[in-house]
$ cat start_10.cif   # mmCIF, C-alpha atoms
data_query
loop_
_atom_site.label_atom_id
_atom_site.label_comp_id
_atom_site.auth_asym_id
_atom_site.auth_seq_id
_atom_site.Cartn_x
_atom_site.Cartn_y
_atom_site.Cartn_z
CA MET A 764 -59.83 6.50 0.18
CA ARG A 765 -63.41 7.19 1.25
CA GLY A 766 -65.87 7.47 -1.66
CA ARG A 767 -63.47 5.80 -4.11
CA GLU A 768 -63.28 2.15 -5.09
CA ARG A 769 -59.81 0.57 -4.54
CA PHE A 770 -58.51 -2.85 -5.58
CA LEU A 771 -56.19 -4.76 -3.21
CA VAL A 772 -53.52 -7.29 -4.17
CA ASP A 773 -52.33 -9.15 -1.05
CA GLY A 774 -48.92 -10.75 -1.55
CA ARG A 775 -48.32 -11.82 2.03
CA PRO A 776 -46.46 -13.56 3.59
CA HIS A 777 -43.60 -13.01 1.08
CA LYS A 778 -44.82 -9.77 -0.49
CA GLU A 779 -46.51 -6.63 0.71
CA ARG A 780 -50.10 -5.47 0.17
CA LEU A 781 -50.67 -3.09 -2.76
CA PHE A 782 -53.73 -0.95 -3.64
CA PHE A 783 -54.67 -0.03 -7.22
CA LYS A 784 -57.20 2.39 -8.68
CA SER A 785 -58.24 0.02 -11.46
CA GLU A 786 -59.06 -3.65 -11.43
CA GLN A 787 -56.91 -4.12 -14.54
CA ASP A 788 -53.74 -2.81 -12.85
CA ALA A 789 -54.42 -4.98 -9.83
CA ALA A 790 -54.85 -8.04 -12.04
CA VAL A 791 -51.55 -7.38 -13.81
CA GLN A 792 -49.68 -7.18 -10.48
CA ALA A 793 -51.39 -10.34 -9.25
CA ASP A 794 -50.30 -12.17 -12.41
CA VAL A 795 -46.68 -11.00 -11.96
CA TRP A 796 -46.49 -12.27 -8.39
CA ALA A 797 -48.18 -15.52 -9.34
CA ALA A 798 -45.58 -16.07 -12.08
CA GLU A 799 -42.74 -15.36 -9.66
CA ARG A 800 -44.07 -17.92 -7.19
CA THR A 801 -44.44 -20.49 -9.94
CA ASN A 802 -40.89 -19.92 -11.18
CA GLN A 803 -39.46 -20.07 -7.67
CA GLY A 804 -41.29 -23.28 -7.09
CA ILE A 805 -39.89 -24.77 -10.28
CA GLU A 806 -36.34 -23.61 -9.35
CA ALA A 807 -36.74 -25.17 -5.90
CA LEU A 808 -37.85 -28.46 -7.45
CA SER A 809 -34.83 -28.43 -9.82
CA PHE A 810 -32.41 -27.70 -6.94
CA PRO A 811 -30.38 -30.93 -6.45
CA THR A 812 -30.94 -32.83 -3.20
CA GLU A 813 -27.20 -32.85 -2.52
CA LEU A 814 -27.04 -29.05 -2.62
CA ARG A 815 -30.15 -28.72 -0.45
CA MET A 816 -28.58 -30.98 2.17
CA GLU A 817 -25.32 -29.02 1.98
CA ALA A 818 -27.22 -25.77 2.48
CA ILE A 819 -29.04 -27.20 5.52
CA LYS A 820 -25.74 -28.33 7.08
CA ALA A 821 -24.14 -24.96 6.36
CA LYS A 822 -27.06 -23.13 7.95
CA LYS A 823 -26.82 -25.24 11.11
CA ARG A 824 -23.10 -24.51 11.44
CA LEU A 825 -23.61 -20.80 10.87
CA ASP A 826 -26.56 -20.56 13.27
CA GLU A 827 -24.09 -21.07 16.12
CA TYR A 828 -22.47 -17.75 15.21
CA GLY A 829 -25.64 -15.94 14.26
CA LYS A 830 -24.64 -15.79 10.59
CA LYS A 831 -26.39 -16.64 7.35
CA ILE A 832 -25.22 -18.53 4.30
CA GLY A 833 -25.02 -15.24 2.41
CA ASP A 834 -22.64 -13.87 5.06
CA ALA A 835 -20.37 -16.87 4.59
CA VAL A 836 -20.41 -16.51 0.82
CA ASP A 837 -19.59 -12.79 1.01
CA HIS A 838 -16.69 -13.47 3.38
CA TYR A 839 -15.25 -16.22 1.19
CA VAL A 840 -15.58 -14.19 -2.00
CA ARG A 841 -13.67 -11.31 -0.33
CA TRP A 842 -10.93 -13.77 0.60
CA LEU A 843 -10.80 -15.07 -2.99
CA ASP A 844 -10.57 -11.51 -4.30
CA GLU A 845 -7.67 -10.83 -1.92
CA GLU A 846 -5.87 -13.98 -3.07
CA LYS A 847 -6.40 -12.95 -6.69
CA ARG A 848 -4.94 -9.51 -5.90
CA LYS A 849 -1.91 -11.10 -4.22
CA HIS A 850 -1.13 -13.33 -7.19
CA ALA A 851 -1.43 -10.36 -9.53
CA ALA A 852 0.94 -8.24 -7.40
CA LEU A 853 4.45 -7.22 -8.48
CA LEU A 854 7.49 -9.21 -7.45
CA VAL A 855 9.68 -7.63 -4.77
CA ASP A 856 12.50 -7.72 -7.30
CA SER A 857 10.58 -5.38 -9.63
CA CYS A 858 9.54 -3.10 -6.77
CA LEU A 859 13.15 -2.74 -5.65
CA ASP A 860 14.19 -1.80 -9.18
CA GLN A 861 11.67 1.03 -9.26
CA TRP A 862 12.57 2.18 -5.74
CA ILE A 863 16.27 2.47 -6.59
CA LYS A 864 15.42 4.32 -9.82
CA SER A 865 13.45 6.85 -7.78
CA LYS A 866 16.41 7.29 -5.42
CA GLU A 867 18.78 7.77 -8.34
CA ALA A 868 16.47 10.51 -9.60
CA GLU A 869 16.63 12.17 -6.16
CA PHE A 870 20.42 11.95 -6.29
CA GLU A 871 20.53 13.55 -9.75
CA ALA A 872 18.31 16.36 -8.45
CA GLY A 873 20.75 16.95 -5.58
CA HIS A 874 18.39 15.74 -2.85
CA LEU A 875 20.38 12.64 -1.89
CA ARG A 876 23.99 12.22 -0.82
CA PRO A 877 26.25 9.79 -2.71
CA THR A 878 26.86 7.70 0.41
CA THR A 879 23.13 7.43 1.07
CA LEU A 880 22.48 6.22 -2.48
CA GLN A 881 25.34 3.75 -2.17
CA GLU A 882 23.92 2.40 1.08
CA LEU A 883 20.43 2.05 -0.38
CA ARG A 884 21.80 0.14 -3.35
CA SER A 885 23.66 -2.15 -0.96
CA ARG A 886 20.56 -2.76 1.18
CA SER A 887 18.42 -3.36 -1.90
CA LYS A 888 20.73 -6.20 -2.94
CA PHE A 889 20.37 -7.61 0.56
CA LEU A 890 16.55 -7.48 0.39
CA ARG A 891 16.54 -8.80 -3.17
CA ALA A 892 18.45 -11.89 -2.13
CA ALA A 893 15.97 -12.60 0.67
CA PHE A 894 12.64 -11.64 -0.94
CA GLY A 895 13.18 -10.91 -4.64
CA HIS A 896 11.22 -13.95 -5.84
CA ARG A 897 8.18 -13.20 -3.63
CA ARG A 898 5.14 -11.02 -4.31
CA ILE A 899 5.20 -7.67 -2.52
CA THR A 900 1.76 -8.44 -1.01
CA GLU A 901 3.21 -11.56 0.65
CA ILE A 902 5.45 -9.46 2.90
CA ASP A 903 3.63 -9.18 6.23
CA GLU A 904 4.64 -8.24 9.78
CA HIS A 905 5.57 -11.81 10.69
CA THR A 906 7.79 -12.07 7.61
CA VAL A 907 9.65 -8.87 8.46
CA GLN A 908 10.05 -9.82 12.14
CA THR A 909 11.38 -13.29 11.30
CA PHE A 910 13.82 -11.80 8.79
CA ILE A 911 15.19 -9.21 11.25
CA ASP A 912 15.48 -11.78 14.06
CA SER A 913 17.43 -14.15 11.81
CA LEU A 914 20.13 -11.60 10.94
CA PRO A 915 23.53 -12.49 12.50
CA TYR A 916 24.30 -8.84 13.25
CA ALA A 917 24.46 -6.54 16.25
CA PRO A 918 21.24 -4.70 17.22
CA ARG A 919 22.33 -1.41 15.67
CA ALA A 920 23.01 -3.08 12.31
CA LYS A 921 19.62 -4.81 12.53
CA LEU A 922 17.99 -1.46 13.25
CA ASN A 923 19.62 0.06 10.19
CA ILE A 924 18.37 -2.76 7.96
CA ARG A 925 14.85 -2.54 9.43
CA THR A 926 14.85 1.21 8.78
CA LYS A 927 15.82 0.80 5.13
CA PHE A 928 13.31 -2.04 4.74
CA GLY A 929 10.63 0.25 6.17
CA GLN A 930 11.57 3.05 3.77
CA PHE A 931 11.23 0.66 0.84
CA LEU A 932 7.83 -0.57 2.05
CA ASN A 933 6.64 3.02 2.54
CA TYR A 934 7.51 3.64 -1.11
CA CYS A 935 5.45 0.59 -2.07
CA ARG A 936 2.52 1.85 -0.02
CA ARG A 937 2.64 5.25 -1.70
CA ARG A 938 2.54 3.47 -5.07
CA LYS A 939 -0.58 1.56 -3.90
CA TRP A 940 1.16 -1.82 -4.23
CA ILE A 941 0.42 -2.61 -0.58
CA ARG A 942 -2.20 -1.23 1.78
CA GLU A 943 0.05 -0.77 4.83
CA ASN A 944 3.69 -0.93 5.87
CA PRO A 945 4.27 -4.21 7.78
CA ALA A 946 7.61 -2.97 9.14
CA GLU A 947 6.14 0.01 11.03
CA SER A 948 5.46 -1.90 14.23
CA ILE A 949 8.75 -3.85 14.22
CA LYS A 950 11.04 -2.65 17.01
CA VAL A 951 14.75 -3.34 17.46
CA ARG A 952 16.10 -2.67 20.94
CA VAL A 953 19.48 -0.93 20.86
CA THR A 954 21.27 -0.24 24.13
CA ASN A 955 24.02 2.28 24.76
CA GLY A 956 26.45 -0.59 24.98
CA ASP A 957 26.04 -1.24 21.29
CA VAL A 958 27.88 2.00 20.49
CA GLN A 959 31.57 1.45 21.20
CA ILE A 960 34.06 4.23 21.81
CA LEU A 961 37.59 3.27 20.83
CA ARG A 962 40.25 3.53 23.50
CA PRO A 963 43.64 4.99 22.47
CA ARG A 964 45.12 1.48 22.30
CA GLU A 965 42.28 0.28 20.03
CA ALA A 966 42.63 3.29 17.76
CA GLU A 967 46.36 2.58 17.51
CA GLN A 968 45.66 -1.06 16.55
CA LEU A 969 43.38 0.09 13.77
CA LEU A 970 45.95 2.50 12.35
CA VAL A 971 48.77 -0.05 12.62
CA ALA A 972 46.62 -2.62 10.79
CA ALA A 973 46.06 -0.06 8.04
CA GLN A 974 49.79 0.58 7.75
CA GLN A 975 50.58 -3.14 7.56
CA ALA A 976 47.99 -3.93 4.87
CA GLU A 977 49.53 -5.69 1.86
CA VAL A 978 47.89 -3.29 -0.57
CA PRO A 979 48.47 0.38 0.30
CA PRO A 980 45.07 1.20 1.78
CA SER A 981 43.01 4.24 1.00
CA VAL A 982 41.59 4.09 4.50
CA ILE A 983 44.34 5.79 6.50
CA PRO A 984 43.16 9.36 5.67
CA TYR A 985 39.62 8.23 6.43
CA LEU A 986 40.62 6.76 9.79
CA ALA A 987 42.69 9.83 10.62
CA VAL A 988 39.93 12.41 10.07
CA SER A 989 37.48 10.12 11.89
CA LEU A 990 39.66 9.34 14.91
CA PHE A 991 41.44 12.69 15.31
CA GLY A 992 38.99 15.06 13.61
CA GLY A 993 35.67 13.60 14.79
CA LEU A 994 34.10 13.52 11.32
CA ARG A 995 31.09 11.28 10.86
CA PRO A 996 31.53 8.27 8.52
CA GLY A 997 29.48 9.86 5.73
CA GLU A 998 31.35 13.14 6.07
CA ALA A 999 34.72 11.40 6.04
CA GLU A 1000 33.89 9.34 2.95
CA GLN A 1001 32.88 12.42 0.98
CA LEU A 1002 35.74 14.63 2.16
CA ARG A 1003 37.98 16.01 -0.60
CA TRP A 1004 41.59 17.13 -0.33
CA GLU A 1005 40.56 20.60 -1.50
CA SER A 1006 38.64 20.98 1.79
CA ILE A 1007 41.66 20.12 3.95
CA HIS A 1008 43.47 23.41 4.51
CA PHE A 1009 46.96 22.62 5.78
CA ASP A 1010 47.91 26.30 5.81
CA THR A 1011 45.25 27.15 8.41
CA GLU A 1012 45.16 23.60 9.84
CA GLU A 1013 41.41 23.33 9.32
CA ILE A 1014 39.04 20.89 7.63
CA GLU A 1015 36.06 22.44 5.87
CA VAL A 1016 33.03 20.15 6.14
CA LEU A 1017 30.64 21.36 3.44
CA SER A 1018 26.89 21.61 4.05
CA LYS A 1019 26.12 19.17 1.21
CA THR A 1020 28.16 16.45 2.93
CA SER A 1021 27.30 17.36 6.52
CA LYS A 1022 24.57 15.51 8.38
CA THR A 1023 23.46 18.83 9.90
CA LYS A 1024 23.35 20.44 6.41
CA GLU A 1025 25.55 23.26 7.70
CA THR A 1026 29.14 24.08 6.74
CA ARG A 1027 31.57 23.92 9.64
CA PHE A 1028 35.35 24.06 10.18
CA VAL A 1029 37.20 21.42 12.19
CA LYS A 1030 40.51 22.35 13.80
CA MET A 1031 43.29 19.88 12.94
CA GLU A 1032 45.49 18.79 15.82
CA ASP A 1033 49.16 17.94 15.26
CA ALA A 1034 48.45 14.18 15.26
CA LEU A 1035 45.90 14.56 12.47
CA VAL A 1036 48.25 16.67 10.35
CA HIS A 1037 50.99 14.08 10.91
CA TRP A 1038 48.84 11.21 9.63
CA LEU A 1039 47.46 13.13 6.64
CA LEU A 1040 50.61 14.69 5.21
CA PRO A 1041 52.06 11.48 3.62
CA PHE A 1042 48.83 11.04 1.62
CA ARG A 1043 48.27 14.68 0.72
CA LYS A 1044 46.93 15.42 -2.77
CA ARG A 1045 45.88 18.58 -4.54
CA ARG A 1046 42.35 17.41 -5.29
CA GLY A 1047 39.97 14.48 -5.25
CA ARG A 1048 38.31 12.41 -2.54
CA ILE A 1049 40.49 11.21 0.30
CA ILE A 1050 39.33 7.61 -0.14
CA GLY A 1051 40.08 5.38 -3.08
CA GLN A 1052 37.96 3.23 -5.37
CA ASN A 1053 38.44 0.07 -3.29
CA PHE A 1054 37.75 1.84 -0.01
CA GLN A 1055 35.00 -0.43 1.37
CA LYS A 1056 36.91 -3.62 0.59
CA GLU A 1057 40.12 -2.27 2.10
CA LEU A 1058 38.37 -0.92 5.21
CA THR A 1059 36.78 -4.33 5.84
CA ALA A 1060 40.19 -6.01 5.47
CA VAL A 1061 41.81 -3.56 7.89
CA LYS A 1062 39.08 -4.06 10.48
CA GLY A 1063 39.48 -7.82 10.24
CA GLN A 1064 43.26 -7.56 10.62
CA ALA A 1065 42.77 -5.34 13.68
CA GLY A 1066 40.63 -8.03 15.32
CA TYR A 1067 37.15 -6.65 14.69
CA GLN A 1068 34.31 -8.95 13.68
CA VAL A 1069 33.25 -8.10 10.15
CA SER A 1070 30.30 -9.40 8.12
#
$ encode --input "start_10.cif" --output "structure tokens"
Amino acid sequence: MRGRERFLVDGRPHKERLFFKSEQDAAVQADVWAAERTNQGIEALSFPTELRMEAIKAKKRLDEYGKKIGDAVDHYVRWLDEEKRKHAALLVDSCLDQWIKSKEAEFEAGHLRPTTLQELRSRSKFLRAAFGHRRITEIDEHTVQTFIDSLPYAPRAKLNIRTKFGQFLNYCRRRKWIRENPAESIKVRVTNGDVQILRPREAEQLLVAAQQAEVPPSVIPYLAVSLFGGLRPGEAEQLRWESIHFDTEEIEVLSKTSKTKETRFVKMEDALVHWLLPFRKRRGRIIGQNFQKELTAVKGQAGYQVS
């Protein structure tokens, strides 16, 4: 400033210029910068020739992309951190355990149907066999796509498995075990032809196969209410004899077992009454304990491909 004596310390080209009110302060700053330059010079002299040559080569390679050595180091360190995170991640086996426990809690709270819980348990075993030994962070989009493509099932069955896989991965994302759901973008094309409507002759074959089964099957009431009453599979599996009213010839589909969450009454035709009467009970579910095993056997005997 005009009328006042100022002392300048010029650190260029590597430092800025600084002004001080006293010569003593300026001298202190000059000594600090001088020491820094001396130390840097000593460090440079102690830097091995091999490392200097490696740095020069690295710089030349990075110059082509307009990047610096620091950029490369930052990028590599991020990659190392990601690898460290992956190796510290939970196994899919453990994640599935916790997912099923959460679903069992939903079931106990009345928010999940028994058939849904049963299906999720079944699918979890399927996923456990394929991925249980892997880290959850190792499951990426390519892994999911390859897995779905390799399944020896019809498109609709593949779609069902992809859906359940996606639900599991969404749970993992909510728990912060993965950053995104790799199954979200996986599509399975299902055409109308994949849904088959049984002709009368085919329905008859299925019922005859059930009648001829070596072990008295529990599936005949299930097939009857499905074929002649139009009940959905989940509704039929949960149907109880108390809800089949032979006096009014109606089936009461309760809201808790209905896909629409609404109670409705289904009129029973004579054919349905005919097939149900020999198996009529006062109470209990219409299917038995070995239902799934017996249904698979009946389908196979009727000529359907089962997996």
$ atom_distance --input "start_10.cif" --atom1 "CA of His874 in chain A" --atom2 "CA of His1008 in chain A"
27.2 Å
$ atom_distance --input "start_10.cif" --atom1 "CA of Leu994 in chain A" --atom2 "CA of Arg886 in chain A"
23.5 Å
$ resolve_selection --input "start_10.cif" --expression "the PyMOL selection byres ((chain A and resi 985) around 8)" --output "list in words"
Ser981, Val982, Ile983, Pro984, Leu986, Ala987, Val988, Ser989, Ala999, Glu1000, Ile1049 and Ile1050 of chain A
$ write_last_selection --input "start_10.cif" --atoms "C-alpha atoms" --output "tab-separated table (two decimals), in the coordinates of the input"
chain	number	residue	atom	x	y	z
A	981	SER	CA	43.01	4.24	1.00
A	982	VAL	CA	41.59	4.09	4.50
A	983	ILE	CA	44.34	5.79	6.50
A	984	PRO	CA	43.16	9.36	5.67
A	986	LEU	CA	40.62	6.76	9.79
A	987	ALA	CA	42.69	9.83	10.62
A	988	VAL	CA	39.93	12.41	10.07
A	989	SER	CA	37.48	10.12	11.89
A	999	ALA	CA	34.72	11.40	6.04
A	1000	GLU	CA	33.89	9.34	2.95
A	1049	ILE	CA	40.49	11.21	0.30
A	1050	ILE	CA	39.33	7.61	-0.14
$ closest_residue --input "start_10.cif" --among "A:Val840, A:Ala868, A:Ile819, A:Val907" --to "Ile949 in chain A" --atoms "all atoms listed in the file"
A:Val907
$ residues_around --input "start_10.cif" --residues "range 1052-1067 of chain A" --least-positions-apart "5" --cutoff "7 Å" --atoms "only C-alpha atoms" --output "JSON, numbers by chain"
{"A": [968, 969, 972, 973, 976, 980, 981, 982]}
$ atom_distance --input "start_10.cif" --atom1 "CA of Glu845 in chain A" --atom2 "CA of Thr900 in chain A"
9.8 Å
$ resolve_selection --input "start_10.cif" --expression "the PyMOL selection byres ((chain A and resi 1045) around 7)" --output "PyMOL selection string"
chain A and resi 1004-1005+1043-1044+1046
$ residues_around --input "start_10.cif" --residues "Leu932 in chain A" --least-positions-apart "4" --cutoff "8 Å" --atoms "all atoms listed in the file" --output "list in words"
Phe928, Arg936, Asn944, Pro945 and Ala946 of chain A
$ resolve_selection --input "start_10.cif" --expression "the PyMOL selection byres ((chain A and resi 1035) around 8)" --output "PyMOL selection string"
chain A and resi 987-988+991-992+1031-1034+1036-1039
$ residues_around --input "start_10.cif" --residues "Asp773 in chain A" --least-positions-apart "5" --cutoff "12 Å" --atoms "only C-alpha atoms" --output "number ranges by chain"
A: 778-783, 789-790, 792-794, 796-797
$ write_last_selection --input "start_10.cif" --atoms "C-alpha atoms" --output "PDB file, in the coordinates of the input"
ATOM      1  CA  LYS A 778     -44.820  -9.770  -0.490  1.00  0.00           C
ATOM      2  CA  GLU A 779     -46.510  -6.630   0.710  1.00  0.00           C
ATOM      3  CA  ARG A 780     -50.100  -5.470   0.170  1.00  0.00           C
ATOM      4  CA  LEU A 781     -50.670  -3.090  -2.760  1.00  0.00           C
ATOM      5  CA  PHE A 782     -53.730  -0.950  -3.640  1.00  0.00           C
ATOM      6  CA  PHE A 783     -54.670  -0.030  -7.220  1.00  0.00           C
ATOM      7  CA  ALA A 789     -54.420  -4.980  -9.830  1.00  0.00           C
ATOM      8  CA  ALA A 790     -54.850  -8.040 -12.040  1.00  0.00           C
ATOM      9  CA  GLN A 792     -49.680  -7.180 -10.480  1.00  0.00           C
ATOM     10  CA  ALA A 793     -51.390 -10.340  -9.250  1.00  0.00           C
ATOM     11  CA  ASP A 794     -50.300 -12.170 -12.410  1.00  0.00           C
ATOM     12  CA  TRP A 796     -46.490 -12.270  -8.390  1.00  0.00           C
ATOM     13  CA  ALA A 797     -48.180 -15.520  -9.340  1.00  0.00           C
TER      14      ALA A 797
END
$ residues_near_point --input "start_10.cif" --point "(10.5, -11.9, 7.2)" --cutoff "12 Å" --atoms "all atoms listed in the file" --output "list in words"
Leu890, Ala893, Phe894, Arg897, Ile899, Glu901, Ile902, Asp903, Glu904, His905, Thr906, Val907, Gln908, Thr909, Phe910, Ile911, Asp912, Ser913, Leu914, Arg925, Phe928, Pro945, Ala946 and Ile949 of chain A
$ decode --input "start_10.cif" --residues "range 980-997 of chain A" --atoms "N, CA, C and O atoms" --output "compact mmCIF listing (two decimals), in the first residue's frame"
# COMPACT_ATOMS: atom_id res chain seq x y z
N PRO A 980 -54.99 -91.05 -4.94
CA PRO A 980 -54.47 -89.68 -4.96
C PRO A 980 -55.36 -88.69 -4.22
O PRO A 980 -56.56 -88.89 -4.06
N SER A 981 -54.73 -87.65 -3.76
CA SER A 981 -55.49 -86.57 -3.13
C SER A 981 -55.80 -85.49 -4.15
O SER A 981 -56.34 -84.44 -3.80
N VAL A 982 -55.47 -85.78 -5.41
CA VAL A 982 -55.58 -84.73 -6.43
C VAL A 982 -56.92 -84.69 -7.15
O VAL A 982 -57.22 -83.72 -7.84
N ILE A 983 -57.75 -85.73 -7.01
CA ILE A 983 -59.01 -85.73 -7.75
C ILE A 983 -59.91 -84.56 -7.35
O ILE A 983 -60.44 -83.86 -8.22
N PRO A 984 -60.11 -84.27 -6.04
CA PRO A 984 -60.91 -83.08 -5.69
C PRO A 984 -60.29 -81.79 -6.24
O PRO A 984 -61.01 -80.90 -6.70
N TYR A 985 -58.97 -81.74 -6.21
CA TYR A 985 -58.27 -80.56 -6.75
C TYR A 985 -58.54 -80.40 -8.24
O TYR A 985 -58.86 -79.31 -8.72
N LEU A 986 -58.40 -81.50 -8.98
CA LEU A 986 -58.64 -81.45 -10.43
C LEU A 986 -60.10 -81.11 -10.72
O LEU A 986 -60.40 -80.35 -11.65
N ALA A 987 -61.01 -81.65 -9.91
CA ALA A 987 -62.43 -81.42 -10.15
C ALA A 987 -62.81 -79.95 -10.01
O ALA A 987 -63.47 -79.37 -10.88
N VAL A 988 -62.39 -79.33 -8.89
CA VAL A 988 -62.75 -77.92 -8.68
C VAL A 988 -62.02 -77.01 -9.67
O VAL A 988 -62.50 -75.91 -9.98
N SER A 989 -60.87 -77.47 -10.18
CA SER A 989 -60.13 -76.68 -11.16
C SER A 989 -60.76 -76.79 -12.54
O SER A 989 -60.98 -75.78 -13.23
N LEU A 990 -61.07 -78.03 -12.95
CA LEU A 990 -61.60 -78.27 -14.30
C LEU A 990 -63.06 -77.87 -14.43
O LEU A 990 -63.47 -77.28 -15.44
N PHE A 991 -63.86 -78.18 -13.42
CA PHE A 991 -65.31 -77.94 -13.51
C PHE A 991 -65.78 -76.70 -12.75
O PHE A 991 -66.88 -76.21 -13.00
N GLY A 992 -64.92 -76.22 -11.83
CA GLY A 992 -65.32 -75.04 -11.05
C GLY A 992 -64.56 -73.78 -11.42
O GLY A 992 -64.94 -72.67 -11.02
N GLY A 993 -63.44 -73.94 -12.18
CA GLY A 993 -62.68 -72.78 -12.62
C GLY A 993 -61.84 -72.12 -11.53
O GLY A 993 -61.42 -70.97 -11.68
N LEU A 994 -61.57 -72.82 -10.43
CA LEU A 994 -60.75 -72.24 -9.38
C LEU A 994 -59.29 -72.16 -9.82
O LEU A 994 -58.80 -73.05 -10.54
N ARG A 995 -58.62 -71.12 -9.40
CA ARG A 995 -57.19 -70.98 -9.69
C ARG A 995 -56.42 -72.00 -8.87
O ARG A 995 -56.89 -72.46 -7.83
N PRO A 996 -55.20 -72.37 -9.31
CA PRO A 996 -54.41 -73.38 -8.57
C PRO A 996 -54.26 -73.05 -7.09
O PRO A 996 -54.44 -73.92 -6.24
N GLY A 997 -53.90 -71.81 -6.77
CA GLY A 997 -53.73 -71.43 -5.36
C GLY A 997 -55.02 -71.52 -4.58
O GLY A 997 -55.03 -71.91 -3.41
